[in-house]
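> Structure file run-v7.pdb (PDB, C-alpha atoms) right here:
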```pdb
ATOM      1  CA  MET Y1026      16.533 -13.233  -0.745  1.00  0.00           C
ATOM      2  CA  LYS Y1027      14.996  -9.913   0.266  1.00  0.00           C
ATOM      3  CA  ARG Y1028      13.487  -9.870   3.744  1.00  0.00           C
ATOM      4  CA  SER Y1029      10.749  -7.597   4.974  1.00  0.00           C
ATOM      5  CA  ILE Y1030       8.133  -7.191   7.692  1.00  0.00           C
ATOM      6  CA  SER Y1031       4.932  -9.052   6.922  1.00  0.00           C
ATOM      7  CA  ASN Y1032       1.739  -9.118   8.945  1.00  0.00           C
ATOM      8  CA  ARG Y1033      -1.589 -10.881   9.218  1.00  0.00           C
ATOM      9  CA  ILE Y1034      -3.714  -8.045  10.514  1.00  0.00           C
ATOM     10  CA  ARG Y1035      -6.356  -8.599   7.860  1.00  0.00           C
ATOM     11  CA  PHE Y1036      -6.769 -12.233   8.920  1.00  0.00           C
ATOM     12  CA  LEU Y1037      -6.906 -11.281  12.593  1.00  0.00           C
ATOM     13  CA  ARG Y1038      -9.478  -8.573  11.919  1.00  0.00           C
ATOM     14  CA  PHE Y1039     -11.796 -11.048  10.232  1.00  0.00           C
ATOM     15  CA  GLN Y1040     -11.198 -13.573  12.967  1.00  0.00           C
ATOM     16  CA  ASN Y1041     -12.276 -10.943  15.502  1.00  0.00           C
ATOM     17  CA  GLY Y1042     -15.808 -10.318  14.321  1.00  0.00           C
ATOM     18  CA  GLU Y1043     -14.850  -8.772  10.990  1.00  0.00           C
ATOM     19  CA  MET Y1044     -13.465  -5.731  12.708  1.00  0.00           C
ATOM     20  CA  SER Y1045     -13.106  -2.824  10.277  1.00  0.00           C
ATOM     21  CA  GLN Y1046      -9.860  -0.940   9.662  1.00  0.00           C
ATOM     22  CA  ALA Y1047     -11.473   2.173  11.145  1.00  0.00           C
ATOM     23  CA  GLN Y1048     -12.438   0.305  14.341  1.00  0.00           C
ATOM     24  CA  LEU Y1049      -8.927  -1.091  14.749  1.00  0.00           C
ATOM     25  CA  GLY Y1050      -7.453   2.330  14.049  1.00  0.00           C
ATOM     26  CA  GLN Y1051      -9.688   3.920  16.648  1.00  0.00           C
ATOM     27  CA  ARG Y1052      -8.650   1.371  19.264  1.00  0.00           C
ATOM     28  CA  ILE Y1053      -4.933   1.912  18.797  1.00  0.00           C
ATOM     29  CA  GLY Y1054      -5.073   5.657  18.064  1.00  0.00           C
ATOM     30  CA  VAL Y1055      -4.278   5.861  14.355  1.00  0.00           C
ATOM     31  CA  THR Y1056      -6.331   6.608  11.248  1.00  0.00           C
ATOM     32  CA  ARG Y1057      -8.021   4.043   8.982  1.00  0.00           C
ATOM     33  CA  GLN Y1058      -5.533   4.988   6.240  1.00  0.00           C
ATOM     34  CA  THR Y1059      -2.614   4.104   8.509  1.00  0.00           C
ATOM     35  CA  ILE Y1060      -4.100   0.655   9.215  1.00  0.00           C
ATOM     36  CA  ALA Y1061      -4.576   0.172   5.452  1.00  0.00           C
ATOM     37  CA  ALA Y1062      -0.936   1.161   4.844  1.00  0.00           C
ATOM     38  CA  ILE Y1063       0.300  -1.232   7.575  1.00  0.00           C
ATOM     39  CA  GLU Y1064      -1.797  -4.101   6.188  1.00  0.00           C
ATOM     40  CA  ALA Y1065      -0.457  -3.478   2.699  1.00  0.00           C
ATOM     41  CA  GLY Y1066       3.116  -3.551   4.040  1.00  0.00           C
ATOM     42  CA  LYS Y1067       3.694   0.022   2.856  1.00  0.00           C
ATOM     43  CA  TYR Y1068       4.252   1.424   6.331  1.00  0.00           C
ATOM     44  CA  SER Y1069       6.000  -0.165   9.301  1.00  0.00           C
ATOM     45  CA  PRO Y1070       4.317   0.892  12.554  1.00  0.00           C
ATOM     46  CA  SER Y1071       6.181   2.004  15.654  1.00  0.00           C
ATOM     47  CA  LEU Y1072       6.920  -0.656  18.250  1.00  0.00           C
ATOM     48  CA  GLU Y1073       4.247   0.840  20.501  1.00  0.00           C
ATOM     49  CA  ALA Y1074       1.577   0.702  17.766  1.00  0.00           C
ATOM     50  CA  ALA Y1075       2.610  -2.887  16.955  1.00  0.00           C
ATOM     51  CA  PHE Y1076       2.166  -3.906  20.603  1.00  0.00           C
ATOM     52  CA  ARG Y1077      -1.189  -2.130  20.736  1.00  0.00           C
ATOM     53  CA  ILE Y1078      -2.396  -4.060  17.678  1.00  0.00           C
ATOM     54  CA  ALA Y1079      -1.318  -7.352  19.237  1.00  0.00           C
ATOM     55  CA  GLU Y1080      -3.081  -6.354  22.465  1.00  0.00           C
ATOM     56  CA  VAL Y1081      -6.356  -5.684  20.623  1.00  0.00           C
ATOM     57  CA  PHE Y1082      -6.291  -9.196  19.153  1.00  0.00           C
ATOM     58  CA  HIS Y1083      -5.046 -10.799  22.425  1.00  0.00           C
ATOM     59  CA  VAL Y1084      -2.122 -12.471  20.688  1.00  0.00           C
ATOM     60  CA  PRO Y1085       1.657 -12.176  21.083  1.00  0.00           C
ATOM     61  CA  LEU Y1086       3.399  -9.692  18.809  1.00  0.00           C
ATOM     62  CA  GLU Y1087       5.050 -12.401  16.710  1.00  0.00           C
ATOM     63  CA  GLN Y1088       1.623 -13.706  15.718  1.00  0.00           C
ATOM     64  CA  VAL Y1089       0.849 -10.363  14.122  1.00  0.00           C
ATOM     65  CA  PHE Y1090       4.179  -9.345  12.608  1.00  0.00           C
ATOM     66  CA  GLN Y1091       7.042 -11.410  11.267  1.00  0.00           C
ATOM     67  CA  TRP Y1092      10.438 -10.524   9.885  1.00  0.00           C
ATOM     68  CA  GLY Y1093      11.156 -12.774   6.941  1.00  0.00           C
ATOM     69  CA  THR Y1094      10.846 -13.400   3.233  1.00  0.00           C
ATOM     70  CA  LYS Y1095       7.743 -12.100   1.511  1.00  0.00           C
ATOM     71  CA  ASP Y1096       6.082 -15.504   1.061  1.00  0.00           C
ATOM     72  CA  GLY Y1097       7.184 -16.882   4.375  1.00  0.00           C
ATOM     73  CA  PHE Y1098       4.151 -15.806   6.405  1.00  0.00           C
ATOM     74  CA  ARG Y1099       0.698 -16.854   5.346  1.00  0.00           C
ATOM     75  CA  LYS Y1100      -2.568 -16.476   7.238  1.00  0.00           C
TER      76      LYS Y1100
ATOM     77  CA  MET F1345      -8.436  10.789  -0.029  1.00  0.00           C
ATOM     78  CA  PRO F1346      -7.182  11.528   3.544  1.00  0.00           C
ATOM     79  CA  TYR F1347      -7.854  15.006   4.931  1.00  0.00           C
ATOM     80  CA  ARG F1348      -4.143  15.760   5.271  1.00  0.00           C
ATOM     81  CA  GLU F1349      -3.512  14.894   1.626  1.00  0.00           C
ATOM     82  CA  LYS F1350      -6.339  17.243   0.632  1.00  0.00           C
ATOM     83  CA  THR F1351      -4.796  20.078   2.651  1.00  0.00           C
ATOM     84  CA  ALA F1352      -1.416  19.422   1.004  1.00  0.00           C
ATOM     85  CA  TRP F1353      -3.089  19.641  -2.440  1.00  0.00           C
ATOM     86  CA  LEU F1354      -4.772  22.851  -1.325  1.00  0.00           C
ATOM     87  CA  SER F1355      -1.428  24.358  -0.312  1.00  0.00           C
ATOM     88  CA  LEU F1356       0.111  23.395  -3.675  1.00  0.00           C
ATOM     89  CA  ILE F1357      -2.814  24.901  -5.602  1.00  0.00           C
ATOM     90  CA  ALA F1358      -2.779  28.100  -3.504  1.00  0.00           C
ATOM     91  CA  MET F1359       0.959  28.425  -4.085  1.00  0.00           C
ATOM     92  CA  ALA F1360       0.554  27.965  -7.846  1.00  0.00           C
ATOM     93  CA  ILE F1361      -2.351  30.420  -8.157  1.00  0.00           C
ATOM     94  CA  ALA F1362      -0.602  33.068  -6.056  1.00  0.00           C
ATOM     95  CA  PHE F1363       3.016  32.814  -7.130  1.00  0.00           C
ATOM     96  CA  VAL F1364       3.061  31.652 -10.765  1.00  0.00           C
ATOM     97  CA  PRO F1365       1.480  34.974 -11.872  1.00  0.00           C
ATOM     98  CA  TYR F1366       3.736  36.864  -9.459  1.00  0.00           C
ATOM     99  CA  PHE F1367       6.917  35.429 -10.944  1.00  0.00           C
ATOM    100  CA  ALA F1368       5.585  35.694 -14.516  1.00  0.00           C
ATOM    101  CA  ILE F1369       4.784  39.400 -14.078  1.00  0.00           C
ATOM    102  CA  THR F1370       8.118  39.979 -12.322  1.00  0.00           C
ATOM    103  CA  ALA F1371      10.047  38.275 -15.134  1.00  0.00           C
ATOM    104  CA  ALA F1372       8.196  40.283 -17.795  1.00  0.00           C
ATOM    105  CA  HIS F1373       8.622  43.663 -16.059  1.00  0.00           C
ATOM    106  CA  SER F1374      11.923  43.384 -14.270  1.00  0.00           C
ATOM    107  CA  ARG F1375      12.659  46.389 -12.045  1.00  0.00           C
ATOM    108  CA  PRO F1376      15.511  45.407  -9.740  1.00  0.00           C
ATOM    109  CA  ALA F1377      15.819  48.815  -8.030  1.00  0.00           C
ATOM    110  CA  VAL F1378      15.128  49.222  -4.306  1.00  0.00           C
ATOM    111  CA  PRO F1379      12.772  50.605  -3.025  1.00  0.00           C
ATOM    112  CA  ASN F1380      10.145  49.459  -5.511  1.00  0.00           C
ATOM    113  CA  LEU F1381       6.639  49.931  -4.205  1.00  0.00           C
ATOM    114  CA  ARG F1382       4.962  48.370  -7.250  1.00  0.00           C
ATOM    115  CA  GLN F1383       6.949  45.174  -6.726  1.00  0.00           C
ATOM    116  CA  LEU F1384       6.142  45.257  -3.031  1.00  0.00           C
ATOM    117  CA  ALA F1385       2.436  45.720  -3.811  1.00  0.00           C
ATOM    118  CA  LEU F1386       2.563  42.815  -6.264  1.00  0.00           C
ATOM    119  CA  PHE F1387       4.094  40.617  -3.584  1.00  0.00           C
ATOM    120  CA  ALA F1388       1.464  41.745  -1.055  1.00  0.00           C
ATOM    121  CA  VAL F1389      -1.305  40.833  -3.524  1.00  0.00           C
ATOM    122  CA  ALA F1390       0.255  37.375  -4.132  1.00  0.00           C
ATOM    123  CA  ALA F1391       0.574  36.736  -0.390  1.00  0.00           C
ATOM    124  CA  MET F1392      -3.012  37.849   0.250  1.00  0.00           C
ATOM    125  CA  VAL F1393      -4.379  35.705  -2.585  1.00  0.00           C
ATOM    126  CA  GLN F1394      -2.546  32.720  -1.108  1.00  0.00           C
ATOM    127  CA  MET F1395      -3.915  33.410   2.393  1.00  0.00           C
ATOM    128  CA  ILE F1396      -7.487  33.842   1.112  1.00  0.00           C
ATOM    129  CA  ILE F1397      -7.356  30.578  -0.885  1.00  0.00           C
ATOM    130  CA  LEU F1398      -5.899  28.737   2.116  1.00  0.00           C
ATOM    131  CA  GLY F1399      -8.474  30.219   4.504  1.00  0.00           C
ATOM    132  CA  ILE F1400     -11.479  29.398   2.324  1.00  0.00           C
ATOM    133  CA  GLY F1401     -10.035  26.000   1.332  1.00  0.00           C
ATOM    134  CA  HIS F1402      -9.352  24.911   4.911  1.00  0.00           C
ATOM    135  CA  ALA F1403     -12.825  26.042   6.007  1.00  0.00           C
ATOM    136  CA  TYR F1404     -14.401  24.082   3.135  1.00  0.00           C
ATOM    137  CA  LEU F1405     -12.325  20.936   3.781  1.00  0.00           C
ATOM    138  CA  SER F1406     -12.943  20.915   7.532  1.00  0.00           C
ATOM    139  CA  HIS F1407     -16.657  21.463   6.916  1.00  0.00           C
ATOM    140  CA  GLY F1408     -16.633  18.418   4.596  1.00  0.00           C
ATOM    141  CA  SER F1409     -14.917  16.097   7.064  1.00  0.00           C
ATOM    142  CA  PRO F1410     -15.017  17.710  10.533  1.00  0.00           C
ATOM    143  CA  GLU F1411     -14.019  14.545  12.392  1.00  0.00           C
ATOM    144  CA  GLU F1412     -10.852  14.028  10.340  1.00  0.00           C
ATOM    145  CA  ALA F1413      -9.985  17.714  10.647  1.00  0.00           C
ATOM    146  CA  ARG F1414     -10.200  17.519  14.450  1.00  0.00           C
ATOM    147  CA  THR F1415      -8.176  14.302  14.689  1.00  0.00           C
ATOM    148  CA  PRO F1416      -4.546  15.032  15.639  1.00  0.00           C
ATOM    149  CA  PRO F1417      -1.889  13.619  13.274  1.00  0.00           C
ATOM    150  CA  ASP F1418      -1.006   9.996  14.019  1.00  0.00           C
ATOM    151  CA  GLU F1419       2.471   8.454  13.848  1.00  0.00           C
ATOM    152  CA  ARG F1420       2.330   7.915  10.061  1.00  0.00           C
ATOM    153  CA  ASP F1421       1.200  11.503   9.458  1.00  0.00           C
ATOM    154  CA  ALA F1422       4.094  12.680  11.643  1.00  0.00           C
ATOM    155  CA  ALA F1423       6.559  10.443   9.747  1.00  0.00           C
ATOM    156  CA  ILE F1424       5.346  11.830   6.412  1.00  0.00           C
ATOM    157  CA  MET F1425       5.685  15.366   7.761  1.00  0.00           C
ATOM    158  CA  ARG F1426       9.245  14.705   8.993  1.00  0.00           C
ATOM    159  CA  ARG F1427      10.235  13.218   5.620  1.00  0.00           C
ATOM    160  CA  SER F1428       8.764  16.104   3.630  1.00  0.00           C
ATOM    161  CA  ILE F1429      10.372  18.739   5.856  1.00  0.00           C
ATOM    162  CA  SER F1430      13.801  17.107   5.571  1.00  0.00           C
ATOM    163  CA  PHE F1431      13.543  17.126   1.735  1.00  0.00           C
ATOM    164  CA  ALA F1432      12.417  20.771   1.725  1.00  0.00           C
ATOM    165  CA  TYR F1433      15.188  21.728   4.158  1.00  0.00           C
ATOM    166  CA  TYR F1434      17.917  20.773   1.671  1.00  0.00           C
ATOM    167  CA  ILE F1435      16.244  22.808  -1.086  1.00  0.00           C
ATOM    168  CA  LEU F1436      15.893  25.795   1.246  1.00  0.00           C
ATOM    169  CA  ILE F1437      19.425  25.650   2.643  1.00  0.00           C
ATOM    170  CA  GLY F1438      20.931  25.249  -0.863  1.00  0.00           C
ATOM    171  CA  GLY F1439      18.829  28.147  -2.113  1.00  0.00           C
ATOM    172  CA  MET F1440      19.744  30.391   0.798  1.00  0.00           C
ATOM    173  CA  ILE F1441      23.459  29.700   0.293  1.00  0.00           C
ATOM    174  CA  LEU F1442      23.037  30.672  -3.369  1.00  0.00           C
ATOM    175  CA  VAL F1443      21.011  33.783  -2.560  1.00  0.00           C
ATOM    176  CA  GLY F1444      22.987  34.925   0.478  1.00  0.00           C
ATOM    177  CA  CYS F1445      26.531  33.985  -0.461  1.00  0.00           C
ATOM    178  CA  VAL F1446      26.741  33.972  -4.275  1.00  0.00           C
ATOM    179  CA  MET F1447      24.147  36.414  -5.613  1.00  0.00           C
ATOM    180  CA  PRO F1448      25.392  39.522  -3.724  1.00  0.00           C
ATOM    181  CA  PHE F1449      28.516  39.432  -5.940  1.00  0.00           C
ATOM    182  CA  ASN F1450      26.612  39.769  -9.205  1.00  0.00           C
ATOM    183  CA  SER F1451      23.047  40.925  -8.397  1.00  0.00           C
ATOM    184  CA  SER F1452      21.243  43.373  -6.197  1.00  0.00           C
ATOM    185  CA  GLY F1453      17.889  44.660  -4.952  1.00  0.00           C
ATOM    186  CA  TRP F1454      14.728  42.852  -5.994  1.00  0.00           C
ATOM    187  CA  THR F1455      16.663  40.285  -8.011  1.00  0.00           C
ATOM    188  CA  ILE F1456      18.043  38.886  -4.768  1.00  0.00           C
ATOM    189  CA  ILE F1457      14.715  39.250  -2.963  1.00  0.00           C
ATOM    190  CA  ASN F1458      12.859  37.437  -5.753  1.00  0.00           C
ATOM    191  CA  ALA F1459      15.506  34.724  -5.923  1.00  0.00           C
ATOM    192  CA  ALA F1460      14.990  34.155  -2.189  1.00  0.00           C
ATOM    193  CA  LEU F1461      11.225  34.001  -2.773  1.00  0.00           C
ATOM    194  CA  VAL F1462      11.723  31.454  -5.574  1.00  0.00           C
ATOM    195  CA  MET F1463      13.721  29.265  -3.214  1.00  0.00           C
ATOM    196  CA  ILE F1464      11.123  29.537  -0.446  1.00  0.00           C
ATOM    197  CA  VAL F1465       8.292  28.710  -2.856  1.00  0.00           C
ATOM    198  CA  LEU F1466      10.332  25.840  -4.322  1.00  0.00           C
ATOM    199  CA  ALA F1467      11.002  24.439  -0.831  1.00  0.00           C
ATOM    200  CA  GLU F1468       7.274  24.664  -0.019  1.00  0.00           C
ATOM    201  CA  ILE F1469       6.371  22.922  -3.285  1.00  0.00           C
ATOM    202  CA  VAL F1470       8.817  20.118  -2.466  1.00  0.00           C
ATOM    203  CA  HIS F1471       7.443  19.924   1.085  1.00  0.00           C
ATOM    204  CA  TYR F1472       3.791  19.565   0.021  1.00  0.00           C
ATOM    205  CA  GLY F1473       4.751  17.518  -3.047  1.00  0.00           C
ATOM    206  CA  VAL F1474       6.461  14.905  -0.869  1.00  0.00           C
ATOM    207  CA  VAL F1475       3.394  14.856   1.422  1.00  0.00           C
ATOM    208  CA  VAL F1476       1.073  14.220  -1.540  1.00  0.00           C
ATOM    209  CA  VAL F1477       3.322  11.531  -3.049  1.00  0.00           C
ATOM    210  CA  SER F1478       3.706   9.812   0.337  1.00  0.00           C
ATOM    211  CA  TYR F1479      -0.062   9.630   0.867  1.00  0.00           C
ATOM    212  CA  ARG F1480      -0.596   8.480  -2.748  1.00  0.00           C
ATOM    213  CA  ARG F1481       1.907   5.661  -2.258  1.00  0.00           C
ATOM    214  CA  GLN F1482       0.516   4.870   1.220  1.00  0.00           C
ATOM    215  CA  ALA F1483       4.102   5.205   2.477  1.00  0.00           C
TER     216      ALA F1483
END
```
Show me the file's structure as structure tokens.


Amino acid sequence: MKRSISNRIRFLRFQNGEMSQAQLGQRIGVTRQTIAAIEAGKYSPSLEAAFRIAEVFHVPLEQVFQWGTKDGFRK
Amino acid sequence: MPYREKTAWLSLIAMAIAFVPYFAITAAHSRPAVPNLRQLALFAVAAMVQMIILGIGHAYLSHGSPEEARTPPDERDAAIMRRSISFAYYILIGGMILVGCVMPFNSSGWTIINAALVMIVLAEIVHYGVVVVSYRRQA
């Protein structure tokens, strides 16, 4: 089965006061389009950007990103 | 559409407007002798047209979205740029081998110069083409 990096940034954004993609991007130093691409699984961020995202949401990295099968990581 | 995708489109359009007529006129009125001031003037006109389009286009785009224009490229922009440059590099190096190592045996003068220009323009088209495709696919 094909494995890939999945994430739950969208869920975490809504859990954190419906933060917009632009606001998240501004806080970690990337554009809104880059956040959209990460959320859609089209772009894998650098390790530093991944840690910054986790830091914004005050969660460990593995609660934001997971390496696994496509359907293996919900919400 | 992101600002950097717009500038890539602008570069493609400027290249097409400036160099399609240049190569069409050159192919129709081939004068391979060197020196050839008319050919040189034609190239100067093409280069100036390209610069004018790029200058006006960049001014217009940065006026439309000044914040995006001021923002430095982020890591995804840099990754797209690296990918596009590596694609264009292979086109350019292949073209330069052809122009510099093969063509001198059977061509001369402006034929070689124009072949080099074709390869440079082709490499630029690939470069900006990959940028546009990457932004379209969100890659």

> Quick one: apply the ChimeraX specification (/F :<8) & /Y to the file and drop the selected residues here as a list in words.

Gly1054, Val1055, Thr1056, Gln1058, Thr1059, Ala1062, Lys1067, Tyr1068, Pro1070 and Ser1071 of chain Y

> Point out the residue among F:Met1392, F:Ser1451, F:Gly1401, F:Arg1427 with the least atom-to-atom distance to Val1477 (chain F), counting only C-alpha atoms.

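Closest to Val1477 (chain F) of all the choices is F:Arg1427.
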
> Could you give me, as a list of chain:residue names, the residues that sit within 8 Å of (14.4, 32.4, 0.9) in the file's coordinates, counting all atoms listed in the file?

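Residues satisfying the cut-off, written out: F:Leu1436, F:Gly1439, F:Met1440, F:Val1443, F:Ile1457, F:Ala1459, F:Ala1460, F:Leu1461, F:Val1462, F:Met1463, F:Ile1464.
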
> Would you kindly translate the PyMOL selection byres ((chain F and resi 1428) around 8) into the concrete residues it picks from this file, as JSON, numbers by chain?

{"F": [1424, 1425, 1426, 1427, 1429, 1430, 1431, 1432, 1470, 1471, 1472, 1473, 1474, 1475]}

> Which residues are close to Ala1358 (chain F), i.e. within 10 Å by only C-alpha atoms, leaving aside same-chain residues fewer than 6 positions away? Reply as an mmCIF file with C-alpha atoms, keeping the file's coordinate frame.


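Just written: selection37.cif:
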```
data_model
loop_
_atom_site.group_PDB
_atom_site.id
_atom_site.type_symbol
_atom_site.label_atom_id
_atom_site.label_comp_id
_atom_site.auth_asym_id
_atom_site.auth_seq_id
_atom_site.Cartn_x
_atom_site.Cartn_y
_atom_site.Cartn_z
ATOM 1 C CA ALA F 1352 -1.416 19.422 1.004
ATOM 2 C CA VAL F 1364 3.061 31.652 -10.765
ATOM 3 C CA ALA F 1390 0.255 37.375 -4.132
ATOM 4 C CA ALA F 1391 0.574 36.736 -0.390
ATOM 5 C CA VAL F 1393 -4.379 35.705 -2.585
ATOM 6 C CA GLN F 1394 -2.546 32.720 -1.108
ATOM 7 C CA MET F 1395 -3.915 33.410 2.393
ATOM 8 C CA ILE F 1396 -7.487 33.842 1.112
ATOM 9 C CA ILE F 1397 -7.356 30.578 -0.885
ATOM 10 C CA LEU F 1398 -5.899 28.737 2.116
ATOM 11 C CA GLY F 1401 -10.035 26.000 1.332
#
```

> Please return the centre and edge lengths, in Å to one decimal, of a box with edges along x, y and z that contains all listed atoms of region 1399-1414 of chain F, widened by 8 Å on every side, as lines of an AutoDock Vina configuration file.


```
center_x = -12.6
center_y = 22.1
center_z = 7.9
size_x = 24.2
size_y = 32.2
size_z = 29.1
```

> Do you know which residues are at most 12 Å from Leu1037 (chain Y) counting all atoms listed in the file, after dropping those on the same chain fewer than 4 positions away, and could you put them as a PyMOL selection string?

chain Y and resi 1032-1033+1041-1046+1049+1064+1078-1084+1088-1090+1099-1100

> Which is closer to Ala1065 (chain Y) than all the others in Y:Gly1093, Y:Arg1035, Y:Lys1027, Y:Arg1077, using all atoms listed in the file?

Y:Arg1035

> What gap, in Å, lies between CA of Glu1073 (chain Y) and CA of Ile1053 (chain Y)?

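So the answer is 9.4 Å.
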
> List the neighbours of Tyr1347 (chain F) out to 8 Å using all atoms listed in the file; skip same-chain residues closer than 5 positions along the sequence, and give me the result as a VMD selection string.

chain F and resid 1405 1409 1412 to 1413

> Report, in Å to a single decimal, how far apart CA of His1402 (chain F) and CA of Gln1383 (chain F) are.

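Distance reported for this atom pair: 28.5 Å.
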
> Quick one, how far is CA of Phe1036 (chain Y) from CA of Ile1063 (chain Y)?

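So the two atoms, CA of Phe1036 (chain Y) and CA of Ile1063 (chain Y), lie 13.1 Å apart.
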
> Give as a VMD selection string the residues that the PyMOL selection byres ((chain Y and resi 1092) around 8) matches when applied to the coordinates above.

chain Y and resid 1028 to 1031 1090 to 1091 1093 to 1094
